$ cat protein_25.cif   # mmCIF, C-alpha atoms
data_protein
loop_
_atom_site.group_PDB
_atom_site.id
_atom_site.type_symbol
_atom_site.label_atom_id
_atom_site.label_comp_id
_atom_site.auth_asym_id
_atom_site.auth_seq_id
_atom_site.Cartn_x
_atom_site.Cartn_y
_atom_site.Cartn_z
ATOM 1 C CA MET A 598 -13.003 6.293 7.779
ATOM 2 C CA TYR A 599 -15.565 9.009 8.483
ATOM 3 C CA LEU A 600 -17.093 10.425 5.301
ATOM 4 C CA SER A 601 -20.189 12.475 4.572
ATOM 5 C CA SER A 602 -21.187 10.369 1.548
ATOM 6 C CA GLU A 603 -22.270 6.746 1.947
ATOM 7 C CA LEU A 604 -21.752 6.212 -1.775
ATOM 8 C CA LEU A 605 -18.166 7.406 -1.462
ATOM 9 C CA SER A 606 -17.639 5.094 1.507
ATOM 10 C CA GLN A 607 -18.863 2.128 -0.511
ATOM 11 C CA ARG A 608 -16.591 2.986 -3.438
ATOM 12 C CA ILE A 609 -13.569 3.200 -1.196
ATOM 13 C CA ARG A 610 -14.392 -0.077 0.537
ATOM 14 C CA GLN A 611 -14.586 -1.770 -2.859
ATOM 15 C CA SER A 612 -11.303 -0.273 -4.055
ATOM 16 C CA LEU A 613 -9.410 -1.193 -0.879
ATOM 17 C CA GLY A 614 -10.776 -4.700 -0.465
ATOM 18 C CA VAL A 615 -10.805 -6.690 2.759
ATOM 19 C CA ASP A 616 -7.576 -8.690 2.475
ATOM 20 C CA ARG A 617 -5.277 -5.907 3.716
ATOM 21 C CA TYR A 618 -7.596 -3.432 5.443
ATOM 22 C CA LEU A 619 -9.895 -3.508 8.446
ATOM 23 C CA ILE A 620 -12.150 -0.479 8.052
ATOM 24 C CA ALA A 621 -14.147 1.171 10.807
ATOM 25 C CA ALA A 622 -16.755 3.669 9.557
ATOM 26 C CA PRO A 623 -18.672 5.538 12.293
ATOM 27 C CA ALA A 624 -21.939 7.158 11.219
ATOM 28 C CA SER A 625 -21.919 10.316 13.382
ATOM 29 C CA ASP A 626 -19.557 12.762 15.081
ATOM 30 C CA GLU A 627 -20.319 11.167 18.452
ATOM 31 C CA ALA A 628 -19.547 7.692 17.105
ATOM 32 C CA PHE A 629 -16.323 9.007 15.551
ATOM 33 C CA PHE A 630 -15.180 10.576 18.828
ATOM 34 C CA HIS A 631 -16.082 7.413 20.743
ATOM 35 C CA LEU A 632 -14.113 5.278 18.287
ATOM 36 C CA ILE A 633 -11.029 7.483 18.591
ATOM 37 C CA GLU A 634 -11.179 7.479 22.374
ATOM 38 C CA ARG A 635 -11.415 3.685 22.538
ATOM 39 C CA GLN A 636 -9.151 2.600 19.679
ATOM 40 C CA LYS A 637 -6.717 5.410 18.873
ATOM 41 C CA GLN A 638 -3.803 3.191 19.905
ATOM 42 C CA GLN A 639 -4.793 0.663 17.229
ATOM 43 C CA LEU A 640 -5.737 3.002 14.365
ATOM 44 C CA ASP A 641 -3.224 3.193 11.507
ATOM 45 C CA CYS A 642 -4.763 5.986 9.440
ATOM 46 C CA LEU A 643 -7.751 8.345 9.332
ATOM 47 C CA ILE A 644 -9.688 9.020 6.114
ATOM 48 C CA LEU A 645 -11.833 12.164 6.194
ATOM 49 C CA ASP A 646 -13.367 14.302 3.476
ATOM 50 C CA ASP A 647 -12.955 18.038 3.122
ATOM 51 C CA THR A 648 -16.351 19.310 4.270
ATOM 52 C CA ALA A 649 -17.540 22.043 6.582
ATOM 53 C CA SER A 650 -17.263 19.680 9.565
ATOM 54 C CA LEU A 651 -13.575 18.865 9.005
ATOM 55 C CA PRO A 652 -12.180 21.751 11.144
ATOM 56 C CA HIS A 653 -14.491 20.680 13.987
ATOM 57 C CA LEU A 654 -13.170 17.094 13.847
ATOM 58 C CA VAL A 655 -9.564 18.289 13.694
ATOM 59 C CA ASN A 656 -10.053 20.654 16.636
ATOM 60 C CA TRP A 657 -11.431 17.765 18.673
ATOM 61 C CA LEU A 658 -8.449 15.573 17.767
ATOM 62 C CA HIS A 659 -6.030 18.327 18.766
ATOM 63 C CA GLY A 660 -7.915 18.970 21.994
ATOM 64 C CA ASN A 661 -7.570 15.289 22.850
ATOM 65 C CA ALA A 662 -3.834 15.252 22.031
ATOM 66 C CA THR A 663 -4.367 12.726 19.241
ATOM 67 C CA LEU A 664 -2.111 12.760 16.186
ATOM 68 C CA LEU A 665 -2.595 10.066 13.542
ATOM 69 C CA PRO A 666 -1.821 9.652 9.834
ATOM 70 C CA LEU A 667 -4.527 11.491 7.887
ATOM 71 C CA LEU A 668 -5.769 11.227 4.312
ATOM 72 C CA ILE A 669 -8.139 14.032 3.295
ATOM 73 C CA LEU A 670 -10.359 13.415 0.270
ATOM 74 C CA GLU A 671 -11.287 16.477 -1.765
ATOM 75 C CA GLY A 672 -13.900 17.239 -4.365
ATOM 76 C CA GLU A 673 -16.841 15.005 -3.455
ATOM 77 C CA SER A 674 -19.119 17.018 -1.202
ATOM 78 C CA GLY A 675 -20.866 20.226 -2.118
ATOM 79 C CA ASP A 676 -20.978 21.634 1.438
ATOM 80 C CA ARG A 677 -17.404 22.833 1.421
ATOM 81 C CA PRO A 678 -17.377 26.549 2.304
ATOM 82 C CA SER A 679 -17.002 28.688 -0.796
ATOM 83 C CA ASP A 680 -14.715 31.175 0.958
ATOM 84 C CA LYS A 681 -12.301 28.469 2.121
ATOM 85 C CA PRO A 682 -8.856 28.560 0.454
ATOM 86 C CA PRO A 683 -8.603 25.707 -2.085
ATOM 87 C CA ASP A 684 -5.243 24.429 -0.866
ATOM 88 C CA PRO A 685 -4.535 25.129 2.820
ATOM 89 C CA VAL A 686 -0.978 24.560 3.948
ATOM 90 C CA PHE A 687 -2.158 22.129 6.607
ATOM 91 C CA LEU A 688 -5.119 21.717 8.910
ATOM 92 C CA TYR A 689 -4.289 18.781 11.203
ATOM 93 C CA HIS A 690 -0.509 18.453 10.981
ATOM 94 C CA THR A 691 2.188 18.962 8.357
ATOM 95 C CA SER A 692 2.196 15.325 7.231
ATOM 96 C CA GLU A 693 -1.475 15.156 6.260
ATOM 97 C CA VAL A 694 -2.068 14.028 2.679
ATOM 98 C CA ARG A 695 -4.747 15.423 0.357
ATOM 99 C CA LEU A 696 -6.132 13.396 -2.516
ATOM 100 C CA PRO A 697 -8.870 14.021 -5.098
ATOM 101 C CA VAL A 698 -11.827 11.717 -4.569
ATOM 102 C CA ASN A 699 -11.713 10.522 -8.159
ATOM 103 C CA PRO A 700 -10.299 8.104 -8.988
ATOM 104 C CA SER A 701 -11.019 6.315 -5.706
ATOM 105 C CA GLU A 702 -8.571 3.563 -6.734
ATOM 106 C CA GLN A 703 -5.753 5.853 -5.557
ATOM 107 C CA VAL A 704 -6.910 5.763 -1.939
ATOM 108 C CA GLY A 705 -4.656 2.787 -1.165
ATOM 109 C CA GLU A 706 -1.639 4.740 -2.373
ATOM 110 C CA GLY A 707 -2.843 7.759 -0.417
ATOM 111 C CA ILE A 708 -2.964 5.716 2.785
ATOM 112 C CA GLU A 709 0.600 4.558 2.226
ATOM 113 C CA ARG A 710 1.736 8.122 1.592
ATOM 114 C CA ALA A 711 -0.035 9.371 4.726
ATOM 115 C CA ILE A 712 1.632 6.723 6.893
ATOM 116 C CA ASP A 713 5.003 7.320 5.244
ATOM 117 C CA GLU A 714 4.775 11.082 5.858
ATOM 118 C CA PHE A 715 3.574 10.540 9.426
ATOM 119 C CA LEU A 716 6.577 8.368 10.263
ATOM 120 C CA ASN A 717 8.809 11.311 9.276
ATOM 121 C CA LEU A 718 6.805 13.856 11.274
ATOM 122 C CA SER A 719 8.902 15.643 13.882
ATOM 123 C CA PRO A 720 7.708 15.448 17.514
ATOM 124 C CA ALA A 721 8.214 19.217 17.567
ATOM 125 C CA CYS A 722 5.978 19.673 14.517
ATOM 126 C CA GLN A 723 4.080 22.905 14.193
ATOM 127 C CA LEU A 724 0.331 22.752 14.752
ATOM 128 C CA PRO A 725 -2.068 25.289 13.221
ATOM 129 C CA GLY A 726 -1.622 28.635 14.977
ATOM 130 C CA THR A 727 -5.365 29.181 15.277
ATOM 131 C CA LEU A 728 -5.548 26.511 17.973
ATOM 132 C CA ALA A 729 -4.829 27.677 21.513
ATOM 133 C CA LEU A 730 -3.351 24.496 22.955
ATOM 134 C CA ASP A 731 -2.010 24.600 26.498
ATOM 135 C CA LEU A 732 1.431 23.225 27.272
ATOM 136 C CA THR A 733 0.108 20.009 28.841
ATOM 137 C CA THR A 734 -2.004 19.168 25.788
ATOM 138 C CA ASP A 735 0.877 19.963 23.455
ATOM 139 C CA LEU A 736 3.277 17.694 25.354
ATOM 140 C CA SER A 737 0.661 14.933 25.425
ATOM 141 C CA ALA A 738 0.247 15.220 21.656
ATOM 142 C CA GLN A 739 4.006 14.945 21.132
ATOM 143 C CA ASN A 740 4.208 11.913 23.408
ATOM 144 C CA PHE A 741 1.310 10.244 21.598
ATOM 145 C CA LEU A 742 2.975 11.006 18.265
ATOM 146 C CA LEU A 743 6.165 9.233 19.345
ATOM 147 C CA LEU A 744 4.208 6.206 20.553
ATOM 148 C CA GLN A 745 2.238 5.999 17.304
ATOM 149 C CA GLN A 746 5.356 6.316 15.162
ATOM 150 C CA ARG A 747 7.068 3.567 17.135
ATOM 151 C CA ARG A 748 4.008 1.307 16.878
ATOM 152 C CA LEU A 749 3.647 1.785 13.118
ATOM 153 C CA THR A 750 7.355 1.230 12.557
ATOM 154 C CA GLU A 751 7.255 -2.019 14.507
ATOM 155 C CA LYS A 752 4.199 -3.125 12.561
ATOM 156 C CA LEU A 753 6.029 -2.501 9.303
ATOM 157 C CA LYS A 754 8.919 -4.653 10.474
ATOM 158 C CA GLU A 755 6.886 -7.442 12.057
ATOM 159 C CA ARG A 756 4.139 -7.857 9.500
ATOM 160 C CA LEU A 757 6.143 -6.856 6.418
ATOM 161 C CA GLY A 758 3.128 -4.862 5.362
ATOM 162 C CA TYR A 759 2.280 -1.523 3.728
ATOM 163 C CA LEU A 760 3.745 -2.339 0.359
ATOM 164 C CA GLY A 761 5.460 0.592 -1.264
ATOM 165 C CA ILE A 762 6.680 1.975 2.072
ATOM 166 C CA TYR A 763 8.717 -0.763 3.687
ATOM 167 C CA TYR A 764 9.676 -2.029 0.265
ATOM 168 C CA LYS A 765 10.749 1.275 -1.225
ATOM 169 C CA ARG A 766 13.948 -0.018 -2.805
ATOM 170 C CA ASN A 767 16.363 2.090 -4.821
ATOM 171 C CA PRO A 768 17.612 0.288 -7.978
ATOM 172 C CA LYS A 769 20.862 2.266 -7.674
ATOM 173 C CA ASN A 770 21.647 0.142 -4.628
ATOM 174 C CA PHE A 771 21.029 -3.159 -6.403
ATOM 175 C CA PHE A 772 24.002 -5.516 -6.498
ATOM 176 C CA ARG A 773 23.907 -5.876 -10.266
ATOM 177 C CA ASN A 774 24.155 -2.103 -10.729
ATOM 178 C CA SER A 775 27.308 -1.756 -8.601
ATOM 179 C CA PHE A 776 30.893 -1.541 -9.777
ATOM 180 C CA ARG A 777 32.877 -4.762 -9.724
ATOM 181 C CA GLU A 778 34.993 -3.682 -6.739
ATOM 182 C CA GLU A 779 31.840 -2.778 -4.813
ATOM 183 C CA GLN A 780 30.285 -6.142 -5.666
ATOM 184 C CA GLN A 781 33.316 -8.010 -4.365
ATOM 185 C CA GLU A 782 33.326 -6.069 -1.098
ATOM 186 C CA PHE A 783 29.563 -6.519 -0.705
ATOM 187 C CA LEU A 784 29.785 -10.292 -1.209
ATOM 188 C CA ARG A 785 32.703 -10.499 1.203
ATOM 189 C CA GLN A 786 30.705 -8.733 3.923
ATOM 190 C CA LEU A 787 27.578 -10.742 3.142
ATOM 191 C CA LYS A 788 29.568 -13.953 3.467
ATOM 192 C CA MET A 789 30.980 -12.830 6.818
ATOM 193 C CA ASP A 790 27.487 -12.056 8.082
ATOM 194 C CA TYR A 791 26.195 -15.443 6.964
ATOM 195 C CA ARG A 792 29.189 -17.160 8.547
ATOM 196 C CA SER A 793 28.283 -15.510 11.850
ATOM 197 C CA ILE A 794 24.726 -16.802 11.502
ATOM 198 C CA ILE A 795 25.950 -20.354 10.909
ATOM 199 C CA LEU A 796 28.363 -20.323 13.836
ATOM 200 C CA ASN A 797 25.615 -19.132 16.192
ATOM 201 C CA TYR A 798 22.641 -20.903 14.660
ATOM 202 C CA PHE A 799 22.307 -23.575 17.336
ATOM 203 C CA SER A 800 23.196 -21.278 20.218
ATOM 204 C CA GLU A 801 20.629 -20.106 22.693
ATOM 205 C CA GLY A 802 19.496 -16.491 22.733
ATOM 206 C CA THR A 803 17.448 -14.083 20.637
ATOM 207 C CA ALA A 804 20.352 -12.301 18.931
ATOM 208 C CA LEU A 805 20.321 -14.895 16.151
ATOM 209 C CA ASN A 806 16.894 -13.807 14.906
ATOM 210 C CA GLN A 807 18.137 -10.242 14.615
ATOM 211 C CA ARG A 808 21.223 -11.427 12.705
ATOM 212 C CA ILE A 809 19.022 -13.297 10.220
ATOM 213 C CA ASP A 810 16.695 -10.305 9.853
ATOM 214 C CA ASP A 811 19.615 -7.964 9.206
ATOM 215 C CA PHE A 812 21.154 -10.374 6.710
ATOM 216 C CA VAL A 813 17.890 -10.845 4.818
ATOM 217 C CA ASN A 814 17.204 -7.086 4.781
ATOM 218 C CA THR A 815 20.654 -6.446 3.305
ATOM 219 C CA ALA A 816 20.135 -9.116 0.642
ATOM 220 C CA PHE A 817 16.633 -7.914 -0.171
ATOM 221 C CA PHE A 818 17.458 -4.247 -0.644
ATOM 222 C CA ALA A 819 20.445 -5.211 -2.809
ATOM 223 C CA ASP A 820 18.158 -7.495 -4.868
ATOM 224 C CA ILE A 821 20.317 -10.536 -4.162
ATOM 225 C CA SER A 822 18.969 -13.756 -5.652
ATOM 226 C CA VAL A 823 18.309 -16.956 -3.730
ATOM 227 C CA ALA A 824 20.885 -18.677 -5.947
ATOM 228 C CA GLN A 825 23.589 -16.326 -4.653
ATOM 229 C CA ILE A 826 22.646 -17.144 -1.066
ATOM 230 C CA VAL A 827 22.903 -20.850 -1.847
ATOM 231 C CA GLU A 828 26.310 -20.253 -3.418
ATOM 232 C CA ILE A 829 27.545 -18.459 -0.295
ATOM 233 C CA HIS A 830 26.263 -21.317 1.852
ATOM 234 C CA MET A 831 28.005 -23.961 -0.259
ATOM 235 C CA GLU A 832 31.290 -22.042 -0.219
ATOM 236 C CA LEU A 833 31.220 -21.870 3.558
ATOM 237 C CA MET A 834 30.294 -25.535 3.870
ATOM 238 C CA ASP A 835 33.261 -26.393 1.650
ATOM 239 C CA GLU A 836 35.577 -24.325 3.847
ATOM 240 C CA PHE A 837 34.248 -25.930 7.019
ATOM 241 C CA SER A 838 34.570 -29.380 5.459
ATOM 242 C CA LYS A 839 38.254 -28.824 4.709
ATOM 243 C CA GLN A 840 38.840 -27.573 8.243
ATOM 244 C CA LEU A 841 37.107 -30.603 9.767
ATOM 245 C CA LYS A 842 39.182 -32.961 7.637
ATOM 246 C CA LEU A 843 42.376 -31.292 8.812
ATOM 247 C CA GLU A 844 41.217 -31.783 12.377
ATOM 248 C CA GLY A 845 40.281 -35.411 11.709
ATOM 249 C CA ARG A 846 36.617 -34.802 12.548
ATOM 250 C CA SER A 847 33.449 -36.016 10.830
ATOM 251 C CA GLU A 848 31.714 -33.819 8.278
ATOM 252 C CA GLU A 849 28.250 -35.098 9.175
ATOM 253 C CA ILE A 850 27.682 -32.141 11.473
ATOM 254 C CA LEU A 851 27.557 -29.906 8.404
ATOM 255 C CA LEU A 852 24.308 -31.568 7.300
ATOM 256 C CA ASP A 853 22.540 -29.900 10.224
ATOM 257 C CA TYR A 854 23.296 -26.490 8.730
ATOM 258 C CA ARG A 855 20.917 -27.164 5.893
ATOM 259 C CA LEU A 856 18.374 -25.826 8.386
ATOM 260 C CA THR A 857 20.235 -22.516 8.407
ATOM 261 C CA LEU A 858 19.996 -22.266 4.645
ATOM 262 C CA ILE A 859 16.308 -23.212 4.604
ATOM 263 C CA ASP A 860 15.533 -20.691 7.350
ATOM 264 C CA THR A 861 17.366 -17.861 5.614
ATOM 265 C CA ILE A 862 15.917 -18.589 2.185
ATOM 266 C CA ALA A 863 12.419 -18.820 3.646
ATOM 267 C CA HIS A 864 12.782 -15.341 5.139
ATOM 268 C CA LEU A 865 14.168 -13.906 1.910
ATOM 269 C CA CYS A 866 11.531 -15.523 -0.284
ATOM 270 C CA GLU A 867 8.788 -14.189 1.974
ATOM 271 C CA MET A 868 10.122 -10.670 1.587
ATOM 272 C CA TYR A 869 10.225 -10.997 -2.184
ATOM 273 C CA ARG A 870 6.740 -12.492 -2.207
ATOM 274 C CA ARG A 871 5.292 -9.654 -0.196
ATOM 275 C CA SER A 872 7.049 -7.066 -2.342
ATOM 276 C CA ILE A 873 5.044 -8.114 -5.418
ATOM 277 C CA PRO A 874 2.071 -5.731 -5.829
ATOM 278 C CA ARG A 875 -1.224 -7.540 -5.484
ATOM 279 C CA GLU A 876 -3.626 -7.521 -8.377
ATOM 280 C CA SER A 877 -6.613 -5.249 -7.858
#
$ encode --input "protein_25.cif" --output "structure tokens"
Amino acid sequence: MYLSSELLSQRIRQSLGVDRYLIAAPASDEAFFHLIERQKQQLDCLILDDTASLPHLVNWLHGNATLLPLLILEGESGDRPSDKPPDPVFLYHTSEVRLPVNPSEQVGEGIERAIDEFLNLSPACQLPGTLALDLTTDLSAQNFLLLQQRRLTEKLKERLGYLGIYYKRNPKNFFRNSFREEQQEFLRQLKMDYRSIILNYFSEGTALNQRIDDFVNTAFFADISVAQIVEIHMELMDEFSKQLKLEGRSEEILLDYRLTLIDTIAHLCEMYRRSIPRES
């Protein structure tokens, strides 16, 4: 976050809080450039204000083949050139997000929008035509863009963060809003997926974790309740129990699969917990 107003910086820090954000705020152009050079691989989003120095900062970023999510705050500083168009198409890249300074409480949403737009930015995105970038710099910028998009996507998956982006669920896809035939087919497939998890739960290999993740993601985006997961588990345990009895084998082995249920429910509950907006 590099802003011309210290008061604005303080307001934004207060509105964002410290539980979800680690904010770096350089105090000069040189400090800003140094920060980008050292930490651009770790930065998730830039916050700049629309002042006379903004084109200079953007030109430097382009010259160093650095593309990052950008939130531009408008309306705070009085040194904005009077002859500058009020709403440029784009200055840095086509996924930049502009937001009025007031109310500053919207900055969190602006950050999420900027990251969301950046993840959909094409590697062949058009840069402002006023910049004479050579081919090498342009290719480096595209390569850096791909790396940043991959890193942010992985962070979304691993940390289950950036609420409102990763958890952008469509109620039309909720289980309860589906037709009865669709619900039956969905439950049938969900049961098959869970059966596969059970049969492979105590096997070696990393594929199991991906199966659980995929299963939980499907359940989460369909707004499936924990009770329905328990019901699927019990139905499968009943089926396995009958099969073991026919084979004359003990049912005690089925008790071990309580771990499967606990593991799956823990993952699902964590997703639901993190999807609840935090109180400001």
$ atom_distance --input "protein_25.cif" --atom1 "CA of Ser601 in chain A" --atom2 "CA of Ser650 in chain A"
9.2 Å
$ atom_distance --input "protein_25.cif" --atom1 "CA of Phe630 in chain A" --atom2 "CA of Cys642 in chain A"
14.8 Å
$ closest_residue --input "protein_25.cif" --among "A:Glu634, A:Glu706, A:Asp790, A:Asp820" --to "Ala662 in chain A" --atoms "all atoms listed in the file"
A:Glu634
$ resolve_selection --input "protein_25.cif" --expression "the PyMOL selection byres ((chain A and resi 808-817) around 10)" --output "ChimeraX atom specification"
/A:754,764,766,771-772,783-784,787-788,790-791,793-795,797-798,803-807,818-823,825-826,857,860-866,868-869,872
$ resolve_selection --input "protein_25.cif" --expression "the PyMOL selection byres ((chain A and resi 707) around 8)" --output "list in words"
Leu668, Val694, Arg695, Leu696, Gln703, Val704, Gly705, Glu706, Ile708, Glu709, Arg710 and Ala711 of chain A
$ write_last_selection --input "protein_25.cif" --atoms "C-alpha atoms" --output "short mmCIF file (atom, residue, chain, number, x, y, z; two decimals), in the coordinates of the input"
data_model
loop_
_atom_site.label_atom_id
_atom_site.label_comp_id
_atom_site.auth_asym_id
_atom_site.auth_seq_id
_atom_site.Cartn_x
_atom_site.Cartn_y
_atom_site.Cartn_z
CA LEU A 668 -5.77 11.23 4.31
CA VAL A 694 -2.07 14.03 2.68
CA ARG A 695 -4.75 15.42 0.36
CA LEU A 696 -6.13 13.40 -2.52
CA GLN A 703 -5.75 5.85 -5.56
CA VAL A 704 -6.91 5.76 -1.94
CA GLY A 705 -4.66 2.79 -1.16
CA GLU A 706 -1.64 4.74 -2.37
CA ILE A 708 -2.96 5.72 2.78
CA GLU A 709 0.60 4.56 2.23
CA ARG A 710 1.74 8.12 1.59
CA ALA A 711 -0.04 9.37 4.73
#
